[in-house]
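Participant: Before I ask anything, let me first share the structure, which is written out below as structure tokens.
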Amino acid sequence: MTSIPIHANDRVFVLTGAGISAESGLPTFRASDGLWAGHRVEDICTPEALEMNPALVWDFYSKRRADCAKAAPNPAHIALAELEAKLGERFFLCTQNVDDLHERAGSHRLVHMHGELAKSRCSEDCGAPPVEDHGVYASLSEVGRCICGARLRPHIVFFGEMPLEMGRIQKEIDRSTLMLVIGTSGSVYPAANFVHWASRNGARAVYIGPERPLNAGAFTAIVEGKAGAVLPGLFVVEESVPPAQ
Ligand code: NAD
Ligand code: ZN
């Protein structure tokens with residue numbers, strides 16, 4: 001049985017992708033053939049689609065919200081929440097996922113670099129902060145309005161838009177000594193570059209998933225398997241030794 005030792009002075013940066021939620025029943029884009037209602041997913045999650053066909057975009061994210069509400073965290077989400085409970089501020093989680101399964105498993109020190117399904121924000125970028133929104137809308141007329149009057153949009157980073165919280169993410173990668181990357185194909189940037197940034201700083205980097213990612217060569221080790229099967233029991237956390245009297 002493989003194990004990953006976590007030393008007393010390690011700082012752990014975790015990056016998760018769609019694969020960690022696959023065993024909760026939320027398909028990765030690839031697993032669902034990359035198609036939805038006859039459209040390529042890449043053609044729906046864009047600023048252009050929001051402009052030209054907001055009803056289609058809202059339909060897609062309403063369906064995602066409904067699916068997410070029915071899903072529950074799996075043993076992989078729970079294993080990461082337990083690791084955070086042991087490591088405290090030596091742990092940081094960055095997810096590319098827009099579902100809230102990490103939070104529901106008990107993770108706190110996390111950022112959603114690609115946004116969150118359970119929030120909406122102004123489609124005109126008026127500066128109003130995102131609002132909590134679990135709405136599943138049958139038609140565009142049901143979608144709420146921002147305080148400025150513009151229609152709300154899903155709080156999602158579309159293809160071609162800037163990921164969120166990059167300053168904090170960069171800082172956390174810079175001070176990490178161990179990077180764990182779970183369930184992401186290594187094809188979406190800048191997330192696919194995180195492993196290079198970490199290893200440039202001398203950090204160890206381990207990939208966990210059933211297939212080798214595109215950037216496999218950059219990792220120190222690869223643990224092959226489904227996240228929910230592999231993560232529980234994978235980490236061996238060394239106790240810090242109290243200073244000698
Ligand atoms: P991706 O590029 O992250 O690829 C999915 C990866 O998951 C693949 O490498 C696959 O081998 C791996 N995988 C499949 N089952 C797994 C398992 N049981 N355990 C561990 N790994 C597993 O994802 P994508 O689907 O191409 O998505 C692209 C973008 O869309 C990313 O930002 C992604 O996070 C987002 N997305 C999010 C969700 C979500 O929030 N649940 C769902 C679909 C897509
Ligand atoms: Zn507004």
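Residue names in the structure tokens use chain letters A, B, ... in the order shown, residue numbers from 1 in each chain, and ligand numbers from 1 in the order shown.
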Compile a residue-level contact table for chain A against ligand 1 at a cut-off of 6 Å, reporting for every qualifying residue the shortest atom pair and its distance in Å to one decimal, with only C-alpha atoms and all ligand atoms counted, rows ordered by chain and ascending number, as a Markdown table.

Facilitator:
| residue | atom | partner | partner_atom_place_in_ligand_line | distance |
| --- | --- | --- | --- | --- |
| A:Gly17 | CA | ligand 1 | 3 (O) | 4.1 |
| A:Ala18 | CA | ligand 1 | 34 (O) | 4.1 |
| A:Gly19 | CA | ligand 1 | 7 (O) | 3.1 |
| A:Ile20 | CA | ligand 1 | 20 (C) | 4.9 |
| A:Ser21 | CA | ligand 1 | 41 (N) | 5.2 |
| A:Ala22 | CA | ligand 1 | 18 (N) | 5.2 |
| A:Glu23 | CA | ligand 1 | 18 (N) | 5.2 |
| A:Leu26 | CA | ligand 1 | 41 (N) | 5.5 |
| A:Pro27 | CA | ligand 1 | 42 (C) | 5.8 |
| A:Thr28 | CA | ligand 1 | 25 (O) | 3.3 |
| A:Phe29 | CA | ligand 1 | 25 (O) | 3.5 |
| A:Arg30 | CA | ligand 1 | 25 (O) | 5.0 |
| A:Gln96 | CA | ligand 1 | 34 (O) | 4.1 |
| A:Asn97 | CA | ligand 1 | 40 (O) | 3.4 |
| A:Val98 | CA | ligand 1 | 40 (O) | 3.8 |
| A:Asp99 | CA | ligand 1 | 40 (O) | 4.2 |
| A:Ile182 | CA | ligand 1 | 20 (C) | 5.9 |
| A:Gly183 | CA | ligand 1 | 21 (N) | 3.2 |
| A:Thr184 | CA | ligand 1 | 3 (O) | 3.3 |
| A:Ser185 | CA | ligand 1 | 9 (O) | 3.3 |
| A:Ser187 | CA | ligand 1 | 2 (O) | 5.8 |
| A:Gly209 | CA | ligand 1 | 20 (C) | 3.9 |
| A:Pro210 | CA | ligand 1 | 11 (O) | 5.2 |
| A:Glu211 | CA | ligand 1 | 11 (O) | 4.5 |
| A:Pro213 | CA | ligand 1 | 9 (O) | 5.6 |
| A:Lys226 | CA | ligand 1 | 19 (N) | 3.7 |
| A:Ala227 | CA | ligand 1 | 19 (N) | 3.8 |

Participant: What residues in range 129-227 of chain A get the DSSP label strand (DSSP E or B)? Please answer as an MDAnalysis selection string.

Facilitator: chainID A and resid 131:132 145 151:156 178:182 204:209 221:224

Participant: What residues of the protein or nucleic acid chains come within 10 Å of ligand 2 when you use only C-alpha atoms and all ligand atoms? Reply as a list of chain:residue names.

Facilitator: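 Taking only C-alpha atoms and all ligand atoms into account, the residues around ligand 2 at most 10 Å away are A:Arg121, A:Cys122, A:Ser123, A:Glu124, A:Asp125, A:Cys126, A:Gly127, A:Ala128, A:Pro129, A:Pro130, A:Arg145, A:Cys146, A:Ile147, A:Cys148, A:Gly149, A:Ala150, A:Arg151, A:Leu152.
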
Participant: Report, in Å with one decimal, the straight-line distance from CA of Pro5 in chain A to CA of Tyr189 in chain A.

Facilitator: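 Calculated distance between CA of Pro5 in chain A and CA of Tyr189 in chain A is 28.4 Å.
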
Participant: Give me the residues near Trp36 in chain A as a list in words, where near means some atom within 12 Å (using only C-alpha atoms) and where sequence neighbours in that chain fewer than 4 positions away do not count.

Facilitator: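 What passes the distance filter is Pro27, Phe29, Arg30, Ala31, Ser32, Arg40, Val41, Glu42, Asp43, Ile44, Cys45, Leu56, Val57, Asp59, Phe60, Tyr61, Lys63 and Arg64 of chain A.
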
Participant: Save out the residues we just selected, N, CA, C and O atoms, as a PDB file, in the first residue's frame.

Facilitator:
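The new file result-v7.pdb reads:
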ATOM      1  N   PRO A  27     -20.242  14.363 -13.117  1.00  0.00           N
ATOM      2  CA  PRO A  27     -19.323  13.938 -14.172  1.00  0.00           C
ATOM      3  C   PRO A  27     -18.300  15.016 -14.527  1.00  0.00           C
ATOM      4  O   PRO A  27     -18.599  16.202 -14.426  1.00  0.00           O
ATOM      5  N   PHE A  29     -16.210  16.951 -17.451  1.00  0.00           N
ATOM      6  CA  PHE A  29     -16.695  17.326 -18.787  1.00  0.00           C
ATOM      7  C   PHE A  29     -16.365  16.216 -19.778  1.00  0.00           C
ATOM      8  O   PHE A  29     -17.158  15.875 -20.642  1.00  0.00           O
ATOM      9  N   ARG A  30     -15.180  15.661 -19.649  1.00  0.00           N
ATOM     10  CA  ARG A  30     -14.740  14.603 -20.563  1.00  0.00           C
ATOM     11  C   ARG A  30     -15.642  13.361 -20.478  1.00  0.00           C
ATOM     12  O   ARG A  30     -16.053  12.818 -21.484  1.00  0.00           O
ATOM     13  N   ALA A  31     -15.977  12.986 -19.236  1.00  0.00           N
ATOM     14  CA  ALA A  31     -16.777  11.769 -19.047  1.00  0.00           C
ATOM     15  C   ALA A  31     -18.157  11.915 -19.682  1.00  0.00           C
ATOM     16  O   ALA A  31     -18.771  10.958 -20.103  1.00  0.00           O
ATOM     17  N   SER A  32     -18.651  13.159 -19.760  1.00  0.00           N
ATOM     18  CA  SER A  32     -19.985  13.349 -20.347  1.00  0.00           C
ATOM     19  C   SER A  32     -19.872  13.674 -21.841  1.00  0.00           C
ATOM     20  O   SER A  32     -20.744  14.338 -22.398  1.00  0.00           O
ATOM     21  N   ARG A  40     -21.041  21.979 -27.398  1.00  0.00           N
ATOM     22  CA  ARG A  40     -19.797  21.677 -26.687  1.00  0.00           C
ATOM     23  C   ARG A  40     -19.778  22.503 -25.415  1.00  0.00           C
ATOM     24  O   ARG A  40     -20.097  23.700 -25.456  1.00  0.00           O
ATOM     25  N   VAL A  41     -19.387  21.861 -24.299  1.00  0.00           N
ATOM     26  CA  VAL A  41     -19.362  22.584 -23.024  1.00  0.00           C
ATOM     27  C   VAL A  41     -18.497  23.843 -23.146  1.00  0.00           C
ATOM     28  O   VAL A  41     -18.856  24.909 -22.634  1.00  0.00           O
ATOM     29  N   GLU A  42     -17.405  23.740 -23.886  1.00  0.00           N
ATOM     30  CA  GLU A  42     -16.510  24.893 -24.061  1.00  0.00           C
ATOM     31  C   GLU A  42     -17.219  26.061 -24.747  1.00  0.00           C
ATOM     32  O   GLU A  42     -16.770  27.199 -24.648  1.00  0.00           O
ATOM     33  N   ASP A  43     -18.301  25.767 -25.491  1.00  0.00           N
ATOM     34  CA  ASP A  43     -19.019  26.843 -26.168  1.00  0.00           C
ATOM     35  C   ASP A  43     -20.089  27.468 -25.277  1.00  0.00           C
ATOM     36  O   ASP A  43     -20.644  28.518 -25.609  1.00  0.00           O
ATOM     37  N   ILE A  44     -20.386  26.815 -24.161  1.00  0.00           N
ATOM     38  CA  ILE A  44     -21.417  27.347 -23.256  1.00  0.00           C
ATOM     39  C   ILE A  44     -20.777  28.212 -22.166  1.00  0.00           C
ATOM     40  O   ILE A  44     -21.315  29.240 -21.790  1.00  0.00           O
ATOM     41  N   CYS A  45     -19.596  27.763 -21.704  1.00  0.00           N
ATOM     42  CA  CYS A  45     -18.965  28.444 -20.567  1.00  0.00           C
ATOM     43  C   CYS A  45     -18.065  29.563 -21.079  1.00  0.00           C
ATOM     44  O   CYS A  45     -16.847  29.542 -20.835  1.00  0.00           O
ATOM     45  N   LEU A  56     -29.383  29.824 -22.486  1.00  0.00           N
ATOM     46  CA  LEU A  56     -28.664  28.543 -22.582  1.00  0.00           C
ATOM     47  C   LEU A  56     -27.648  28.416 -21.437  1.00  0.00           C
ATOM     48  O   LEU A  56     -27.555  27.375 -20.785  1.00  0.00           O
ATOM     49  N   VAL A  57     -26.925  29.504 -21.192  1.00  0.00           N
ATOM     50  CA  VAL A  57     -25.910  29.478 -20.123  1.00  0.00           C
ATOM     51  C   VAL A  57     -26.576  29.238 -18.768  1.00  0.00           C
ATOM     52  O   VAL A  57     -26.135  28.391 -17.985  1.00  0.00           O
ATOM     53  N   ASP A  59     -29.475  27.845 -18.236  1.00  0.00           N
ATOM     54  CA  ASP A  59     -30.026  26.490 -18.250  1.00  0.00           C
ATOM     55  C   ASP A  59     -28.965  25.482 -17.806  1.00  0.00           C
ATOM     56  O   ASP A  59     -29.210  24.602 -16.975  1.00  0.00           O
ATOM     57  N   PHE A  60     -27.782  25.640 -18.390  1.00  0.00           N
ATOM     58  CA  PHE A  60     -26.660  24.745 -18.091  1.00  0.00           C
ATOM     59  C   PHE A  60     -26.311  24.819 -16.603  1.00  0.00           C
ATOM     60  O   PHE A  60     -26.194  23.788 -15.929  1.00  0.00           O
ATOM     61  N   TYR A  61     -26.170  26.044 -16.054  1.00  0.00           N
ATOM     62  CA  TYR A  61     -25.746  26.153 -14.656  1.00  0.00           C
ATOM     63  C   TYR A  61     -26.883  25.823 -13.683  1.00  0.00           C
ATOM     64  O   TYR A  61     -26.630  25.357 -12.572  1.00  0.00           O
ATOM     65  N   LYS A  63     -28.925  23.381 -14.190  1.00  0.00           N
ATOM     66  CA  LYS A  63     -28.832  21.913 -14.152  1.00  0.00           C
ATOM     67  C   LYS A  63     -27.658  21.489 -13.249  1.00  0.00           C
ATOM     68  O   LYS A  63     -27.774  20.554 -12.458  1.00  0.00           O
ATOM     69  N   ARG A  64     -26.515  22.195 -13.382  1.00  0.00           N
ATOM     70  CA  ARG A  64     -25.347  21.892 -12.530  1.00  0.00           C
ATOM     71  C   ARG A  64     -25.711  22.071 -11.053  1.00  0.00           C
ATOM     72  O   ARG A  64     -25.333  21.279 -10.203  1.00  0.00           O
TER      73      ARG A  64
END

Participant: List every residue of range 83-184 of chain A that DSSP, applied to the backbone, labels as helix (DSSP H, G or I), and write the result as JSON, numbers by chain.

Facilitator: {"A": [83, 84, 85, 86, 87, 88, 89, 90, 101, 102, 103, 104, 105, 140, 141, 142, 166, 167, 168, 169, 170, 171, 172, 173, 174]}

Participant: Using only N, CA, C and O atoms, please write the residues we just selected to a file, as an mmCIF file, in the first residue's frame.

Facilitator:
data_model
loop_
_atom_site.group_PDB
_atom_site.id
_atom_site.type_symbol
_atom_site.label_atom_id
_atom_site.label_comp_id
_atom_site.auth_asym_id
_atom_site.auth_seq_id
_atom_site.Cartn_x
_atom_site.Cartn_y
_atom_site.Cartn_z
ATOM 1 N N LEU A 83 -7.242 15.842 6.766
ATOM 2 C CA LEU A 83 -5.831 16.259 6.698
ATOM 3 C C LEU A 83 -5.701 17.719 7.146
ATOM 4 O O LEU A 83 -4.787 18.069 7.902
ATOM 5 N N GLU A 84 -6.637 18.563 6.710
ATOM 6 C CA GLU A 84 -6.611 19.972 7.135
ATOM 7 C C GLU A 84 -6.758 20.077 8.658
ATOM 8 O O GLU A 84 -6.059 20.865 9.299
ATOM 9 N N ALA A 85 -7.622 19.244 9.232
ATOM 10 C CA ALA A 85 -7.825 19.297 10.687
ATOM 11 C C ALA A 85 -6.519 18.970 11.424
ATOM 12 O O ALA A 85 -6.248 19.504 12.498
ATOM 13 N N LYS A 86 -5.687 18.090 10.818
ATOM 14 C CA LYS A 86 -4.412 17.735 11.463
ATOM 15 C C LYS A 86 -3.352 18.805 11.244
ATOM 16 O O LYS A 86 -2.533 19.068 12.114
ATOM 17 N N LEU A 87 -3.328 19.412 10.044
ATOM 18 C CA LEU A 87 -2.224 20.309 9.683
ATOM 19 C C LEU A 87 -2.516 21.780 9.970
ATOM 20 O O LEU A 87 -1.589 22.588 10.026
ATOM 21 N N GLY A 88 -3.794 22.131 10.110
ATOM 22 C CA GLY A 88 -4.154 23.525 10.386
ATOM 23 C C GLY A 88 -3.647 24.434 9.289
ATOM 24 O O GLY A 88 -3.835 24.167 8.103
ATOM 25 N N GLU A 89 -2.940 25.519 9.691
ATOM 26 C CA GLU A 89 -2.537 26.505 8.689
ATOM 27 C C GLU A 89 -1.359 26.042 7.816
ATOM 28 O O GLU A 89 -0.924 26.757 6.928
ATOM 29 N N ARG A 90 -0.872 24.814 8.035
ATOM 30 C CA ARG A 90 0.138 24.253 7.110
ATOM 31 C C ARG A 90 -0.528 23.591 5.898
ATOM 32 O O ARG A 90 0.132 22.983 5.065
ATOM 33 N N LEU A 101 -18.596 20.589 -2.548
ATOM 34 C CA LEU A 101 -18.430 19.320 -1.809
ATOM 35 C C LEU A 101 -17.259 19.387 -0.823
ATOM 36 O O LEU A 101 -17.300 18.733 0.223
ATOM 37 N N HIS A 102 -16.226 20.171 -1.119
ATOM 38 C CA HIS A 102 -15.127 20.315 -0.147
ATOM 39 C C HIS A 102 -15.643 20.984 1.134
ATOM 40 O O HIS A 102 -15.351 20.525 2.234
ATOM 41 N N GLU A 103 -16.415 22.058 0.980
ATOM 42 C CA GLU A 103 -16.960 22.746 2.168
ATOM 43 C C GLU A 103 -17.862 21.798 2.952
ATOM 44 O O GLU A 103 -17.814 21.755 4.178
ATOM 45 N N ARG A 104 -18.709 21.061 2.215
ATOM 46 C CA ARG A 104 -19.650 20.181 2.911
ATOM 47 C C ARG A 104 -18.939 19.024 3.592
ATOM 48 O O ARG A 104 -19.470 18.408 4.522
ATOM 49 N N ALA A 105 -17.703 18.715 3.167
ATOM 50 C CA ALA A 105 -16.914 17.673 3.847
ATOM 51 C C ALA A 105 -16.192 18.248 5.067
ATOM 52 O O ALA A 105 -15.638 17.492 5.859
ATOM 53 N N LEU A 140 -35.249 32.399 -18.208
ATOM 54 C CA LEU A 140 -34.372 33.546 -17.959
ATOM 55 C C LEU A 140 -35.076 34.628 -17.139
ATOM 56 O O LEU A 140 -34.441 35.332 -16.346
ATOM 57 N N SER A 141 -36.406 34.727 -17.295
ATOM 58 C CA SER A 141 -37.147 35.791 -16.600
ATOM 59 C C SER A 141 -37.107 35.596 -15.075
ATOM 60 O O SER A 141 -37.331 36.537 -14.318
ATOM 61 N N GLU A 142 -36.792 34.375 -14.630
ATOM 62 C CA GLU A 142 -36.735 34.110 -13.181
ATOM 63 C C GLU A 142 -35.404 34.545 -12.564
ATOM 64 O O GLU A 142 -35.282 34.640 -11.350
ATOM 65 N N MET A 166 -5.638 34.663 -7.573
ATOM 66 C CA MET A 166 -4.329 34.186 -8.014
ATOM 67 C C MET A 166 -3.181 34.671 -7.113
ATOM 68 O O MET A 166 -2.184 33.965 -6.953
ATOM 69 N N GLY A 167 -3.327 35.858 -6.517
ATOM 70 C CA GLY A 167 -2.273 36.363 -5.631
ATOM 71 C C GLY A 167 -2.089 35.440 -4.427
ATOM 72 O O GLY A 167 -0.958 35.055 -4.076
ATOM 73 N N ARG A 168 -3.200 35.087 -3.809
ATOM 74 C CA ARG A 168 -3.136 34.214 -2.616
ATOM 75 C C ARG A 168 -2.632 32.831 -3.003
ATOM 76 O O ARG A 168 -1.842 32.216 -2.287
ATOM 77 N N ILE A 169 -3.073 32.332 -4.163
ATOM 78 C CA ILE A 169 -2.666 31.002 -4.621
ATOM 79 C C ILE A 169 -1.148 30.972 -4.843
ATOM 80 O O ILE A 169 -0.451 30.064 -4.381
ATOM 81 N N GLN A 170 -0.643 32.004 -5.511
ATOM 82 C CA GLN A 170 0.800 32.082 -5.785
ATOM 83 C C GLN A 170 1.589 32.086 -4.472
ATOM 84 O O GLN A 170 2.583 31.367 -4.324
ATOM 85 N N LYS A 171 1.109 32.871 -3.502
ATOM 86 C CA LYS A 171 1.796 32.967 -2.206
ATOM 87 C C LYS A 171 1.813 31.596 -1.514
ATOM 88 O O LYS A 171 2.838 31.164 -0.981
ATOM 89 N N GLU A 172 0.693 30.911 -1.556
ATOM 90 C CA GLU A 172 0.616 29.596 -0.890
ATOM 91 C C GLU A 172 1.487 28.565 -1.606
ATOM 92 O O GLU A 172 2.097 27.713 -0.966
ATOM 93 N N ILE A 173 1.566 28.636 -2.936
ATOM 94 C CA ILE A 173 2.439 27.692 -3.662
ATOM 95 C C ILE A 173 3.895 27.988 -3.304
ATOM 96 O O ILE A 173 4.678 27.070 -3.044
ATOM 97 N N ASP A 174 4.232 29.271 -3.257
ATOM 98 C CA ASP A 174 5.625 29.648 -2.998
ATOM 99 C C ASP A 174 6.124 29.119 -1.656
ATOM 100 O O ASP A 174 7.304 28.806 -1.518
#

Participant: Under the rule that only C-alpha atoms are counted, which of A:Ala198, A:Ala191, A:Val143, A:Leu80 is the nearest residue to Leu231 in chain A?

Facilitator: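 Between A:Ala198, A:Ala191, A:Val143, A:Leu80, the residue approaching Leu231 in chain A most closely is A:Leu80.
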
Participant: Counting only C-alpha atoms, what is within 10 Å of Leu93 in chain A, bar same-chain residues fewer than 4 positions away, as an MDAnalysis selection string?

Facilitator: chainID A and resid 12:16 80:81 84 102 107:112 169 172 179:181

Participant: Emit the selected residues as a JSON list (two decimals), in the first residue's frame, including N, CA and C atoms.

Facilitator:
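What ended up in part07.json:
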[["chain", "number", "residue", "atom", "x", "y", "z"],
["A", 12, "VAL", "N", 1.54, 21.99, 2.97],
["A", 12, "VAL", "CA", 0.92, 21.22, 1.89],
["A", 12, "VAL", "C", -0.03, 22.10, 1.08],
["A", 13, "PHE", "N", 0.18, 22.10, -0.23],
["A", 13, "PHE", "CA", -0.74, 22.80, -1.15],
["A", 13, "PHE", "C", -1.44, 21.73, -1.96],
["A", 14, "VAL", "N", -2.78, 21.73, -1.94],
["A", 14, "VAL", "CA", -3.55, 20.73, -2.68],
["A", 14, "VAL", "C", -4.31, 21.41, -3.82],
["A", 15, "LEU", "N", -4.23, 20.83, -5.01],
["A", 15, "LEU", "CA", -5.04, 21.29, -6.15],
["A", 15, "LEU", "C", -5.98, 20.17, -6.54],
["A", 16, "THR", "N", -7.29, 20.44, -6.57],
["A", 16, "THR", "CA", -8.23, 19.41, -7.01],
["A", 16, "THR", "C", -8.94, 19.84, -8.29],
["A", 80, "LEU", "N", -9.41, 14.89, 2.74],
["A", 80, "LEU", "CA", -8.72, 16.19, 2.69],
["A", 80, "LEU", "C", -9.15, 17.08, 3.86],
["A", 81, "ALA", "N", -10.43, 17.01, 4.23],
["A", 81, "ALA", "CA", -10.88, 17.80, 5.39],
["A", 81, "ALA", "C", -10.19, 17.29, 6.66],
["A", 84, "GLU", "N", -6.64, 18.56, 6.71],
["A", 84, "GLU", "CA", -6.61, 19.97, 7.13],
["A", 84, "GLU", "C", -6.76, 20.08, 8.66],
["A", 102, "HIS", "N", -16.23, 20.17, -1.12],
["A", 102, "HIS", "CA", -15.13, 20.32, -0.15],
["A", 102, "HIS", "C", -15.64, 20.98, 1.13],
["A", 107, "SER", "N", -13.90, 21.20, 4.79],
["A", 107, "SER", "CA", -12.71, 22.01, 4.47],
["A", 107, "SER", "C", -13.01, 23.49, 4.71],
["A", 108, "HIS", "N", -12.00, 24.22, 5.21],
["A", 108, "HIS", "CA", -12.16, 25.65, 5.48],
["A", 108, "HIS", "C", -11.13, 26.48, 4.73],
["A", 109, "ARG", "N", -9.87, 25.98, 4.73],
["A", 109, "ARG", "CA", -8.79, 26.78, 4.13],
["A", 109, "ARG", "C", -8.75, 26.49, 2.63],
["A", 110, "LEU", "N", -9.74, 27.01, 1.89],
["A", 110, "LEU", "CA", -9.80, 26.71, 0.46],
["A", 110, "LEU", "C", -10.22, 27.91, -0.36],
["A", 111, "VAL", "N", -9.80, 27.91, -1.62],
["A", 111, "VAL", "CA", -10.29, 28.89, -2.59],
["A", 111, "VAL", "C", -10.82, 28.14, -3.81],
["A", 112, "HIS", "N", -11.82, 28.76, -4.44],
["A", 112, "HIS", "CA", -12.40, 28.23, -5.68],
["A", 112, "HIS", "C", -11.87, 29.09, -6.82],
["A", 169, "ILE", "N", -3.07, 32.33, -4.16],
["A", 169, "ILE", "CA", -2.67, 31.00, -4.62],
["A", 169, "ILE", "C", -1.15, 30.97, -4.84],
["A", 172, "GLU", "N", 0.69, 30.91, -1.56],
["A", 172, "GLU", "CA", 0.62, 29.60, -0.89],
["A", 172, "GLU", "C", 1.49, 28.57, -1.61],
["A", 179, "MET", "N", 3.23, 19.41, -2.84],
["A", 179, "MET", "CA", 2.02, 19.70, -3.62],
["A", 179, "MET", "C", 1.33, 18.38, -3.95],
["A", 180, "LEU", "N", 0.01, 18.35, -3.69],
["A", 180, "LEU", "CA", -0.80, 17.18, -4.05],
["A", 180, "LEU", "C", -1.80, 17.63, -5.10],
["A", 181, "VAL", "N", -1.81, 16.97, -6.25],
["A", 181, "VAL", "CA", -2.73, 17.33, -7.33],
["A", 181, "VAL", "C", -3.65, 16.13, -7.57]]

Participant: Excluding Thr220 in chain A and its own-chain neighbours fewer than 4 positions away, which residues fall within 6 Å of it when counting only C-alpha atoms? Please give them as an NGL selection string.

Facilitator: :A and (204-206)

Participant: Write the residues of the selection above to a file with N, CA and C atoms, as a tab-separated table (two decimals), in the first residue's frame.

Facilitator:
chain	number	residue	atom	x	y	z
A	204	ARG	N	8.15	18.75	-3.25
A	204	ARG	CA	7.77	17.46	-3.83
A	204	ARG	C	6.37	17.61	-4.41
A	205	ALA	N	6.06	16.83	-5.44
A	205	ALA	CA	4.74	16.96	-6.07
A	205	ALA	C	4.21	15.58	-6.42
A	206	VAL	N	3.00	15.28	-5.93
A	206	VAL	CA	2.41	13.96	-6.16
A	206	VAL	C	1.08	14.13	-6.88

Participant: Which distance in Å separates CA of Pro190 in chain A and CA of His39 in chain A, to one decimal?

Facilitator: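 Separating CA of Pro190 in chain A from CA of His39 in chain A is a distance of 24.7 Å.
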
Participant: Neighbouring residues of Lys70 in chain A were defined as those with any atom within 10 Å, considering only C-alpha atoms; residues of the same chain fewer than 5 positions away were excluded. Please report them as a list of chain:residue names.

Facilitator: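 Here the answer would be A:Ser24, A:Gly25, A:Leu26, A:Arg65.
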
Participant: What is the distance, in Å and to one decimal place, between CA of Ala203 in chain A and CA of His114 in chain A?

Facilitator: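 These atoms are spaced 24.2 Å apart.
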
Participant: With only C-alpha atoms as the basis for distance, which of A:Glu239, A:Glu48, A:Asp67, A:Asp10 is at the shortest distance from Val136 in chain A?

Facilitator: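 Among the listed residues, the smallest separation from Val136 in chain A belongs to A:Asp67.
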
Participant: Which of these, A:Leu178, A:Ala229, A:Glu238, A:Gly186, has the shortest distance to Arg212 in chain A once you count only C-alpha atoms?

Facilitator: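 Looking only at the distances to Arg212 in chain A, the closest residue turns out to be A:Gly186.
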